[in-house]
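Text of coords-v4.tsv, listed as TSV, C-alpha atoms:
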```
chain	number	residue	atom	x	y	z
A	1	MET	CA	-23.29	3.61	10.99
A	2	ARG	CA	-21.47	6.95	10.71
A	3	ILE	CA	-17.84	6.30	9.78
A	4	LEU	CA	-15.18	8.99	9.53
A	5	HIS	CA	-11.81	8.09	7.99
A	6	LEU	CA	-9.00	10.43	9.03
A	7	THR	CA	-5.69	10.24	7.20
A	8	THR	CA	-2.70	12.28	6.10
A	9	PHE	CA	-3.04	12.02	2.31
A	10	LEU	CA	-4.87	9.72	-0.07
A	11	GLN	CA	-1.62	8.76	-1.74
A	12	GLY	CA	0.05	5.56	-2.86
A	13	GLY	CA	-1.11	2.10	-1.86
A	14	ALA	CA	-2.48	3.11	1.55
A	15	GLY	CA	-4.52	5.89	-0.04
A	16	ARG	CA	-5.95	3.46	-2.52
A	17	ILE	CA	-7.02	1.07	0.24
A	18	ILE	CA	-8.60	3.88	2.27
A	19	ALA	CA	-10.57	5.07	-0.75
A	20	ALA	CA	-11.66	1.54	-1.70
A	21	LEU	CA	-12.77	0.77	1.87
A	22	ALA	CA	-14.71	4.04	2.15
A	23	VAL	CA	-16.46	3.44	-1.18
A	24	ALA	CA	-17.36	-0.14	-0.25
A	25	GLN	CA	-18.74	1.01	3.10
A	26	ARG	CA	-20.83	3.70	1.43
A	27	ARG	CA	-22.25	1.15	-1.00
A	28	SER	CA	-23.19	-0.99	2.00
A	29	GLY	CA	-25.37	1.83	3.28
A	30	HIS	CA	-23.08	3.53	5.80
A	31	ASP	CA	-22.68	7.30	6.11
A	32	VAL	CA	-18.98	7.74	5.27
A	33	THR	CA	-16.69	10.77	5.25
A	34	VAL	CA	-12.97	10.92	4.50
A	35	VAL	CA	-10.88	13.75	5.97
A	36	ALA	CA	-7.26	14.40	4.95
A	37	ASP	CA	-4.53	16.99	5.24
A	38	ASP	CA	-5.18	20.11	3.19
A	39	GLY	CA	-1.85	19.77	1.37
A	40	GLY	CA	1.05	22.05	0.79
A	41	GLU	CA	3.81	19.53	1.52
A	42	ASP	CA	6.40	18.88	-1.18
A	43	GLY	CA	6.05	15.37	-2.55
A	44	TYR	CA	2.75	14.71	-0.78
A	45	GLY	CA	-0.85	15.09	-1.84
A	46	SER	CA	-4.09	13.21	-2.44
A	47	TYR	CA	-4.31	11.54	-5.84
A	48	PRO	CA	-7.10	12.98	-8.04
A	49	GLU	CA	-8.33	9.52	-9.09
A	50	TYR	CA	-8.90	8.54	-5.45
A	51	LEU	CA	-10.87	11.73	-4.83
A	52	ALA	CA	-12.89	11.09	-7.98
A	53	ALA	CA	-13.76	7.59	-6.76
A	54	LEU	CA	-15.03	9.01	-3.46
A	55	ALA	CA	-17.12	11.64	-5.23
A	56	THR	CA	-18.65	9.13	-7.63
A	57	ALA	CA	-19.69	6.88	-4.74
A	58	GLY	CA	-21.14	9.73	-2.69
A	59	VAL	CA	-18.48	9.61	0.04
A	60	GLY	CA	-17.99	12.96	1.76
A	61	TYR	CA	-14.53	14.50	1.59
A	62	ALA	CA	-12.98	17.36	3.56
A	63	THR	CA	-9.55	18.64	4.57
A	64	VAL	CA	-8.08	20.02	7.79
A	65	ARG	CA	-4.80	21.61	8.81
A	66	SER	CA	-2.84	19.49	9.58
A	67	THR	CA	-2.87	15.70	10.01
A	68	PHE	CA	0.68	15.34	8.68
A	69	LYS	CA	3.08	17.67	10.48
A	70	ARG	CA	4.22	16.81	13.96
A	71	GLU	CA	3.39	20.28	15.26
A	72	LEU	CA	1.01	20.50	18.20
A	73	PRO	CA	-0.62	23.85	17.30
A	74	LEU	CA	-1.51	22.52	13.84
A	75	ALA	CA	-2.93	19.34	15.35
A	76	MET	CA	-5.10	21.39	17.71
A	77	GLN	CA	-6.34	23.44	14.78
A	78	ALA	CA	-7.13	20.25	12.88
A	79	ALA	CA	-9.07	18.88	15.88
A	80	GLN	CA	-11.22	22.01	15.99
A	81	GLN	CA	-11.89	21.75	12.26
A	82	LEU	CA	-12.70	18.05	12.59
A	83	ARG	CA	-15.34	18.74	15.23
A	84	ALA	CA	-16.96	21.26	12.88
A	85	ILE	CA	-16.97	18.72	10.04
A	86	ALA	CA	-18.59	16.07	12.25
A	87	GLY	CA	-21.34	18.43	13.36
A	88	PRO	CA	-23.28	18.38	16.63
A	89	SER	CA	-22.91	14.63	17.22
A	90	PRO	CA	-19.70	12.64	16.77
A	91	PRO	CA	-19.46	9.72	14.32
A	92	ASP	CA	-19.89	6.16	15.52
A	93	ILE	CA	-16.42	5.19	14.27
A	94	VAL	CA	-13.31	7.22	13.62
A	95	HIS	CA	-10.89	5.15	11.57
A	96	THR	CA	-7.44	6.74	11.53
A	97	HIS	CA	-4.62	5.77	9.20
A	98	ALA	CA	-1.53	7.24	10.89
A	99	SER	CA	-0.50	8.35	14.34
A	100	ILE	CA	-1.00	12.12	14.03
A	101	PRO	CA	-4.57	11.57	12.79
A	102	THR	CA	-5.12	9.50	15.95
A	103	LEU	CA	-3.91	12.43	18.07
A	104	VAL	CA	-6.22	14.80	16.18
A	105	ALA	CA	-9.20	12.48	16.60
A	106	ARG	CA	-8.66	11.95	20.32
A	107	VAL	CA	-8.43	15.68	20.92
A	108	ALA	CA	-11.46	16.34	18.74
A	109	PHE	CA	-13.81	13.78	20.28
A	110	GLY	CA	-12.33	12.76	23.62
A	111	PRO	CA	-11.53	9.23	24.79
A	112	ALA	CA	-15.05	7.93	25.37
A	113	ARG	CA	-17.36	9.51	22.78
A	114	VAL	CA	-16.36	7.49	19.70
A	115	ARG	CA	-14.76	4.15	18.94
A	116	LEU	CA	-11.35	4.83	17.40
A	117	VAL	CA	-9.63	2.26	15.17
A	118	GLN	CA	-6.15	2.89	13.77
A	119	THR	CA	-4.63	1.02	10.86
A	120	MET	CA	-0.83	1.02	10.78
A	121	HIS	CA	-0.19	0.82	7.04
A	122	GLY	CA	3.59	1.07	7.26
A	123	TRP	CA	6.37	2.12	9.57
A	124	GLY	CA	8.67	4.83	8.22
A	125	VAL	CA	12.34	3.98	7.98
A	126	ARG	CA	13.48	7.44	9.12
A	127	LYS	CA	11.67	7.78	12.44
A	128	THR	CA	13.68	9.33	15.26
A	129	PRO	CA	13.57	7.66	18.71
A	130	ASP	CA	11.20	10.39	19.92
A	131	GLN	CA	8.89	9.79	16.96
A	132	VAL	CA	8.86	6.06	17.65
A	133	THR	CA	7.87	6.71	21.28
A	134	THR	CA	5.16	9.16	20.21
A	135	ASP	CA	3.69	6.85	17.60
A	136	LEU	CA	3.60	3.84	19.91
A	137	SER	CA	1.86	5.94	22.57
A	138	LEU	CA	-0.76	7.08	20.09
A	139	LEU	CA	-1.33	3.54	18.83
A	140	ALA	CA	-1.94	2.52	22.43
A	141	ALA	CA	-4.58	5.27	22.67
A	142	ALA	CA	-6.73	3.65	19.97
A	143	ASP	CA	-9.56	1.30	20.89
A	144	ALA	CA	-8.30	-1.18	18.29
A	145	VAL	CA	-5.18	-1.42	16.16
A	146	VAL	CA	-5.10	-3.07	12.74
A	147	THR	CA	-2.12	-4.11	10.64
A	148	PRO	CA	-2.31	-5.44	7.07
A	149	SER	CA	0.07	-8.32	7.80
A	150	ASP	CA	0.97	-10.54	10.71
A	151	ALA	CA	4.61	-9.52	10.21
A	152	ALA	CA	3.64	-5.90	10.89
A	153	ARG	CA	1.74	-6.97	14.02
A	154	ARG	CA	4.82	-8.83	15.28
A	155	PHE	CA	6.96	-5.79	14.47
A	156	LEU	CA	4.81	-3.58	16.69
A	157	HIS	CA	4.95	-6.15	19.48
A	158	ALA	CA	8.74	-6.20	19.19
A	159	LEU	CA	8.78	-2.41	19.57
A	160	GLY	CA	6.91	-2.81	22.84
A	161	LEU	CA	3.31	-2.14	21.85
A	162	VAL	CA	1.00	-4.10	24.12
A	163	HIS	CA	-2.61	-3.64	23.07
A	164	PRO	CA	-5.67	-5.64	24.12
A	165	ALA	CA	-7.23	-5.42	20.66
A	166	MET	CA	-4.76	-5.82	17.81
A	167	HIS	CA	-6.00	-7.40	14.59
A	168	VAL	CA	-4.58	-8.43	11.23
A	169	ILE	CA	-6.71	-7.51	8.22
A	170	PRO	CA	-4.99	-8.02	4.86
A	171	TYR	CA	-5.68	-5.48	2.16
A	172	GLY	CA	-8.41	-6.32	-0.31
A	173	LEU	CA	-8.92	-5.39	-3.96
A	174	ASP	CA	-11.83	-5.60	-6.34
A	175	PRO	CA	-11.53	-8.96	-8.11
A	176	ALA	CA	-12.07	-7.24	-11.46
A	177	ALA	CA	-8.98	-5.50	-12.77
A	178	SER	CA	-9.22	-2.06	-14.35
A	179	THR	CA	-10.38	-1.98	-17.96
A	180	ALA	CA	-9.03	1.53	-18.56
A	181	PRO	CA	-6.64	1.62	-21.53
A	182	VAL	CA	-2.92	2.12	-21.14
A	183	ASP	CA	-1.61	5.42	-22.52
A	184	ALA	CA	-0.97	5.08	-26.25
A	185	ALA	CA	2.59	6.40	-26.02
A	186	ASP	CA	3.39	3.86	-23.30
A	187	VAL	CA	1.91	1.03	-25.37
A	188	ALA	CA	4.15	1.99	-28.28
A	189	ARG	CA	7.19	2.06	-25.99
A	190	LEU	CA	6.40	-1.30	-24.41
A	191	ARG	CA	5.83	-2.89	-27.80
A	192	GLN	CA	9.17	-1.57	-28.96
A	193	VAL	CA	10.83	-3.21	-25.95
A	194	ARG	CA	9.10	-6.47	-26.77
A	195	ALA	CA	10.04	-6.23	-30.44
A	196	GLY	CA	13.68	-6.24	-29.40
A	197	GLY	CA	13.17	-9.63	-27.76
A	198	ALA	CA	13.60	-8.48	-24.18
A	199	ARG	CA	11.84	-9.96	-21.19
A	200	VAL	CA	9.98	-7.20	-19.36
A	201	ALA	CA	10.35	-6.79	-15.60
A	202	VAL	CA	7.84	-4.24	-14.29
A	203	CYS	CA	8.45	-2.46	-11.00
A	204	LEU	CA	5.54	-0.50	-9.49
A	205	GLY	CA	5.80	2.03	-6.66
A	206	THR	CA	7.29	5.32	-5.57
A	207	ILE	CA	10.93	5.39	-6.64
A	208	GLY	CA	13.34	5.74	-3.74
A	209	ALA	CA	15.46	4.03	-1.11
A	210	ARG	CA	12.60	2.17	0.61
A	211	LYS	CA	11.36	0.45	-2.56
A	212	ASN	CA	15.02	0.00	-3.61
A	213	GLN	CA	14.50	0.05	-7.38
A	214	ALA	CA	18.26	0.60	-7.71
A	215	LEU	CA	18.73	-3.11	-6.96
A	216	LEU	CA	16.88	-4.06	-10.16
A	217	VAL	CA	19.08	-1.69	-12.14
A	218	ALA	CA	22.16	-3.38	-10.65
A	219	ALA	CA	20.75	-6.83	-11.48
A	220	LEU	CA	20.30	-5.84	-15.13
A	221	THR	CA	24.06	-5.74	-15.56
A	222	SER	CA	24.01	-9.56	-15.49
A	223	LEU	CA	20.67	-9.92	-17.28
A	224	PRO	CA	21.16	-8.89	-20.93
A	225	GLU	CA	17.88	-10.56	-21.88
A	226	PHE	CA	15.81	-8.30	-19.58
A	227	ALA	CA	14.50	-4.75	-19.73
A	228	ALA	CA	13.01	-2.96	-16.71
A	229	VAL	CA	9.98	-0.68	-16.68
A	230	PHE	CA	9.53	1.53	-13.61
A	231	ILE	CA	6.15	3.10	-12.89
A	232	GLY	CA	5.78	5.50	-9.99
A	233	ASP	CA	6.54	8.99	-8.79
A	234	GLY	CA	9.69	9.86	-6.89
A	235	GLU	CA	13.38	9.85	-7.82
A	236	GLY	CA	13.11	8.78	-11.46
A	237	ASP	CA	15.88	11.04	-12.76
A	238	ALA	CA	18.38	9.62	-10.28
A	239	LEU	CA	17.43	6.08	-11.28
A	240	GLU	CA	17.96	6.86	-14.97
A	241	ALA	CA	21.34	8.42	-14.21
A	242	MET	CA	22.34	5.32	-12.26
A	243	ALA	CA	21.28	3.06	-15.13
A	244	ALA	CA	23.31	5.11	-17.62
A	245	ALA	CA	26.38	4.98	-15.36
A	246	GLN	CA	26.11	1.18	-15.15
A	247	GLY	CA	25.74	0.79	-18.90
A	248	VAL	CA	22.12	-0.41	-18.90
A	249	GLY	CA	20.38	2.88	-19.64
A	250	ALA	CA	18.92	1.63	-22.93
A	251	ARG	CA	17.12	-1.15	-21.06
A	252	VAL	CA	15.68	1.01	-18.30
A	253	HIS	CA	12.38	2.78	-18.93
A	254	VAL	CA	11.08	5.17	-16.27
A	255	LEU	CA	7.50	6.10	-17.12
A	256	GLY	CA	6.76	8.17	-14.01
A	257	TYR	CA	3.47	8.21	-12.16
A	258	ARG	CA	0.51	6.48	-13.81
A	259	SER	CA	-2.93	6.16	-12.27
A	260	ASP	CA	-3.96	2.56	-11.59
A	261	ALA	CA	-0.58	1.19	-12.63
A	262	SER	CA	-1.95	-2.37	-12.51
A	263	ARG	CA	-3.14	-1.70	-16.07
A	264	TYR	CA	0.48	-2.28	-17.12
A	265	LEU	CA	0.77	-5.80	-15.67
A	266	PRO	CA	-0.45	-7.54	-18.89
A	267	TYR	CA	2.73	-6.20	-20.51
A	268	ALA	CA	4.94	-7.75	-17.81
A	269	ASP	CA	6.73	-11.07	-17.77
A	270	VAL	CA	7.31	-10.56	-14.06
A	271	LEU	CA	6.61	-8.03	-11.31
A	272	VAL	CA	9.71	-7.10	-9.32
A	273	LEU	CA	9.61	-5.67	-5.80
A	274	PRO	CA	13.14	-5.32	-4.38
A	275	SER	CA	11.94	-3.40	-1.30
A	276	ARG	CA	13.78	-2.99	1.98
A	277	ASN	CA	10.62	-2.12	3.93
A	278	GLU	CA	6.90	-2.63	3.25
A	279	GLY	CA	3.51	-2.88	4.90
A	280	LEU	CA	1.56	-5.14	2.56
A	281	PRO	CA	2.42	-3.98	-0.98
A	282	ILE	CA	-0.62	-3.47	-3.19
A	283	ALA	CA	1.45	-4.23	-6.30
A	284	VAL	CA	1.95	-7.81	-5.10
A	285	LEU	CA	-1.80	-8.30	-4.65
A	286	GLU	CA	-2.43	-6.85	-8.12
A	287	ALA	CA	0.07	-9.29	-9.59
A	288	LEU	CA	-1.60	-12.21	-7.79
A	289	ARG	CA	-4.95	-11.11	-9.22
A	290	ALA	CA	-3.47	-10.89	-12.72
A	291	GLY	CA	-1.58	-14.18	-12.48
A	292	VAL	CA	1.80	-12.49	-12.99
A	293	PRO	CA	4.80	-14.09	-11.22
A	294	VAL	CA	6.40	-11.96	-8.50
A	295	VAL	CA	10.11	-11.72	-7.72
A	296	ALA	CA	10.63	-9.85	-4.48
A	297	SER	CA	12.80	-9.33	-1.44
A	298	ALA	CA	12.36	-11.96	1.23
A	299	ILE	CA	11.25	-9.50	3.88
A	300	PRO	CA	8.55	-10.73	6.28
A	301	GLU	CA	5.67	-8.62	4.93
A	302	ILE	CA	6.20	-9.82	1.35
A	303	ALA	CA	6.96	-13.42	2.37
A	304	GLU	CA	3.54	-13.50	4.01
A	305	ALA	CA	1.86	-12.84	0.64
A	306	ILE	CA	4.17	-14.76	-1.73
A	307	GLU	CA	4.80	-18.48	-1.39
A	308	ASP	CA	8.35	-18.99	-2.61
A	309	GLY	CA	8.42	-21.26	-5.66
A	310	ARG	CA	4.61	-21.38	-5.94
A	311	THR	CA	3.35	-17.84	-6.58
A	312	GLY	CA	6.74	-16.20	-7.06
A	313	TYR	CA	10.34	-16.18	-5.92
A	314	LEU	CA	11.79	-14.55	-2.82
A	315	CYS	CA	15.41	-13.51	-2.78
A	316	THR	CA	17.94	-12.13	-0.34
A	317	PRO	CA	17.42	-8.37	0.10
A	318	ASP	CA	20.07	-6.10	-1.44
A	319	ASP	CA	21.65	-8.96	-3.40
A	320	PRO	CA	21.61	-8.18	-7.16
A	321	LEU	CA	22.92	-11.63	-8.13
A	322	ALA	CA	20.17	-13.36	-6.15
A	323	LEU	CA	17.60	-11.10	-7.79
A	324	ALA	CA	19.01	-11.88	-11.24
A	325	ALA	CA	18.88	-15.62	-10.61
A	326	ALA	CA	15.25	-15.43	-9.46
A	327	LEU	CA	14.29	-13.41	-12.51
A	328	ARG	CA	15.75	-16.03	-14.83
A	329	ARG	CA	13.75	-18.77	-13.09
A	330	SER	CA	10.52	-16.76	-13.22
A	331	VAL	CA	10.32	-16.67	-17.02
A	332	VAL	CA	10.61	-20.43	-17.64
A	333	PRO	CA	7.33	-21.19	-19.51
A	334	GLU	CA	6.13	-24.11	-17.37
A	335	VAL	CA	6.95	-22.17	-14.21
A	336	ARG	CA	4.91	-19.18	-15.39
A	337	ALA	CA	1.83	-21.30	-16.13
A	338	SER	CA	1.89	-23.00	-12.74
A	339	MET	CA	2.48	-19.74	-10.88
A	340	ALA	CA	-0.34	-17.95	-12.70
A	341	ALA	CA	-2.94	-20.46	-11.49
A	342	ALA	CA	-1.59	-20.51	-7.94
A	343	ALA	CA	-1.45	-16.71	-7.80
A	344	ARG	CA	-5.08	-16.28	-8.84
A	345	ALA	CA	-6.21	-18.88	-6.30
A	346	THR	CA	-4.27	-17.12	-3.52
A	347	PHE	CA	-5.84	-13.78	-4.39
A	348	ALA	CA	-9.37	-15.21	-4.35
A	349	ALA	CA	-8.80	-16.89	-1.00
A	350	ARG	CA	-7.24	-13.96	0.88
A	351	TYR	CA	-7.21	-10.61	-0.85
A	352	GLU	CA	-10.64	-9.72	-2.21
A	353	LEU	CA	-12.22	-6.42	-1.17
A	354	THR	CA	-15.28	-8.04	0.43
A	355	SER	CA	-13.09	-9.98	2.87
A	356	MET	CA	-11.40	-6.78	4.03
A	357	THR	CA	-14.62	-4.80	4.44
A	358	ARG	CA	-16.35	-7.58	6.40
A	359	ALA	CA	-13.38	-7.91	8.74
A	360	TYR	CA	-13.30	-4.16	9.41
A	361	ASP	CA	-17.02	-4.19	10.12
A	362	ARG	CA	-16.44	-6.82	12.81
A	363	VAL	CA	-13.61	-4.78	14.34
A	364	TYR	CA	-15.78	-1.65	14.32
A	365	ARG	CA	-18.45	-3.56	16.22
A	366	GLY	CA	-15.95	-4.93	18.74
A	367	GLU	CA	-16.62	-8.55	17.83
A	368	PHE	CA	-13.00	-9.69	18.26
A	369	GLY	CA	-11.46	-10.37	21.64
A	370	PRO	CA	-7.73	-10.27	22.51
A	371	GLU	CA	-7.30	-13.97	21.77
A	372	GLN	CA	-8.73	-13.45	18.30
A	373	GLU	CA	-6.22	-10.95	17.00
A	374	ARG	CA	-5.38	-13.07	13.95
A	375	VAL	CA	-8.93	-14.11	13.11
A	376	ALA	CA	-9.63	-10.99	11.06
A	377	ALA	CA	-7.11	-12.14	8.49
A	378	ARG	CA	-9.14	-15.24	7.64
```
So, in terms of structure tokens, how does the structure I just supplied come out?
Amino acid sequence: MRILHLTTFLQGGAGRIIAALAVAQRRSGHDVTVVADDGGEDGYGSYPEYLAALATAGVGYATVRSTFKRELPLAMQAAQQLRAIAGPSPPDIVHTHASIPTLVARVAFGPARVRLVQTMHGWGVRKTPDQVTTDLSLLAAADAVVTPSDAARRFLHALGLVHPAMHVIPYGLDPAASTAPVDAADVARLRQVRAGGARVAVCLGTIGARKNQALLVAALTSLPEFAAVFIGDGEGDALEAMAAAQGVGARVHVLGYRSDASRYLPYADVLVLPSRNEGLPIAVLEALRAGVPVVASAIPEIAEAIEDGRTGYLCTPDDPLALAAALRRSVVPEVRASMAAAARATFAARYELTSMTRAYDRVYRGEFGPEQERVAAR
């Protein structure tokens, strides 16, 4: 099968999933190409480690201009470039990973020449009403729509998307965690934190309003026994300034972007995800795999992955006192042991890479009917 993945950028958790899926499909014998935006946008770009993984596996990679900007002339240019990349015959499957890529693919190949599947990885919190209308229309133009959680599927339904083929396929990860070493300077810093007797709360993800790392900083004011380690690109300087202003700067450590940040989970007492909005956060799945308790906002997408009191604790969003209370419970020794076993069992049952790739293969082949929209998650 010829599969072409079309995305904006191979960045963050969605980029990791796209790369992992493409590599797994190539190893299964498919002819796979990934096409992304050619770059040039501040704060956006494809991560080098994802591109390296594609190259190592023999997955083709190309760029077009542009799959990111909502500018029709650029989308038309991208469609022309995409046709040239595909060659004289179109691929069997075009798998798009955002709405503008869906527009580009439909223009490039027409409505009937390829099967087009779009995954909605997340819904931006700053969409204008016109952008919402546009994106829902483009989702409706796909032959099948996939969300990584049932909460995301319900969200699209609530927005008015009615689609005859909508499926839930949770993200999947390799069951073996990375064996790459943590940077020596970071190891020294983390050991120093430990030597001071602090519990370590690790927060993974791009720093900003959506992930809401500021809530963990606020919670530290009532948690003198905790230190927080933030790993991710984004607004790190602003977070450090906030921590200093609240008198907890010495217990806040912003490391910045690190490739495969799951390598840092063995140094964590708990993973914290105080997000306001998510798709299906990769960091939660990594923590389940590692047997690390999760304390997170009780938003639907996270609540679908974390069983409150069994694999972690869910707390009221934007409530620093609730977050602090959950963090204290998470480090009780007998709680940690029980949660570690339950977390690993949950990961094995739902979130392994093979489960995701098999489900996508069935969607590509059109093996799910409308009444089976939740089956792909099993």
May I have the residues at most 12 Å from (-12.3, 14.7, 22.5) in the file's coordinates, counting all atoms listed in the file, as an MDAnalysis selection string? chainID A and resid 76 79:80 82:83 89:91 94 102:116
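The residue that comes closest to Glu307 in chain A, out of A:Ala22, A:Val363, A:Val59, A:Ala342 and on the basis of only C-alpha atoms, is A:Ala342.
Separating CA of Val335 in chain A from CA of Ala349 in chain A is a distance of 21.2 Å.
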Please build the interface table for range 325-365 of chain A against range 168-180 of chain A with a cut-off of 7 Å, listing for each qualifying residue the nearest atom pair and the distance in Å to one decimal; count all atoms listed in the file, order rows by chain and increasing number, and write it as a tab-separated table.
```
residue	atom	partner	partner_atom	distance
A:Tyr351	CA	A:Gly172	CA	4.5
A:Glu352	CA	A:Gly172	CA	4.5
A:Leu353	CA	A:Gly172	CA	3.9
A:Ser355	CA	A:Gly172	CA	6.7
A:Met356	CA	A:Gly172	CA	5.3
A:Ala359	CA	A:Ile169	CA	6.7
```
Spatial neighbours of Gly13 in chain A, 10 Å, only C-alpha atoms, chain gap at least 2 places, as an MDAnalysis selection string: chainID A and resid 10:11 15:19 121 171 205:206 279:283
Output of the above residues as a compact mmCIF listing (two decimals), keeping the file's coordinate frame, restricted to C-alpha atoms:
```
# COMPACT_ATOMS: atom_id res chain seq x y z
CA LEU A 10 -4.87 9.72 -0.07
CA GLN A 11 -1.62 8.76 -1.74
CA GLY A 15 -4.52 5.89 -0.04
CA ARG A 16 -5.95 3.46 -2.52
CA ILE A 17 -7.02 1.07 0.24
CA ILE A 18 -8.60 3.88 2.27
CA ALA A 19 -10.57 5.07 -0.75
CA HIS A 121 -0.19 0.82 7.04
CA TYR A 171 -5.68 -5.48 2.16
CA GLY A 205 5.80 2.03 -6.66
CA THR A 206 7.29 5.32 -5.57
CA GLY A 279 3.51 -2.88 4.90
CA LEU A 280 1.56 -5.14 2.56
CA PRO A 281 2.42 -3.98 -0.98
CA ILE A 282 -0.62 -3.47 -3.19
CA ALA A 283 1.45 -4.23 -6.30
```
Separation of CA of Gln118 in chain A and CA of Arg26 in chain A, in Å? 19.2 Å
Mind checking which residues fall within 7 Å of Val295 in chain A, counting all atoms listed in the file, ignoring those fewer than 6 positions away in the same chain, and posting them as a PyMOL selection string? chain A and resi 271-273+312-314+326-327
Hey, can you check how far CA of Leu288 in chain A sits from CA of Tyr264 in chain A? 13.8 Å
With all atoms listed in the file as the atoms that count, which of A:Glu367, A:Pro300, A:Thr119, A:Ala325 lies nearest to Arg154 in chain A?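 Counting all atoms listed in the file, the residue closest to Arg154 in chain A is A:Pro300.
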Quick one: everything within 6 Å of range 220-236 of chain A, counting only C-alpha atoms, minus sequence neighbours fewer than 2 positions away in the same chain. Send it as a list in words. Ala198, Arg199, Val200, Ala201, Val202, Cys203, Leu204, Gly205, Thr206, Ile207, Gly208, Val217, Ala218, Ala238, Leu239, Arg251, Val252, His253, Val254, Leu255, Gly256 and Tyr257 of chain A
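Counting all atoms listed in the file and comparing A:Trp123, A:Tyr364, A:Tyr50, A:Tyr267, the residue that lies closest to Arg210 in chain A is A:Trp123.
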Pick out the residues sitting within 8 Å of Val64 in chain A, and hand them over as JSON, numbers by chain; count only C-alpha atoms, and ignore anything fewer than 5 positions along from it in its own chain. {"A": [35, 36, 37, 38, 77, 78, 81, 82]}
Determine the nearest neighbour of Ala14 in chain A from the options A:Ala140, A:Glu278, A:Asp237, A:Gly87, counting only C-alpha atoms.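 For Ala14 in chain A, the nearest of the candidates is A:Glu278.
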Excluding Val34 in chain A and residues on its chain fewer than 3 positions from it, collect all residues at most 6 Å away from it, counting all atoms listed in the file, and give them as a ChimeraX atom specification. /A:4-5,61
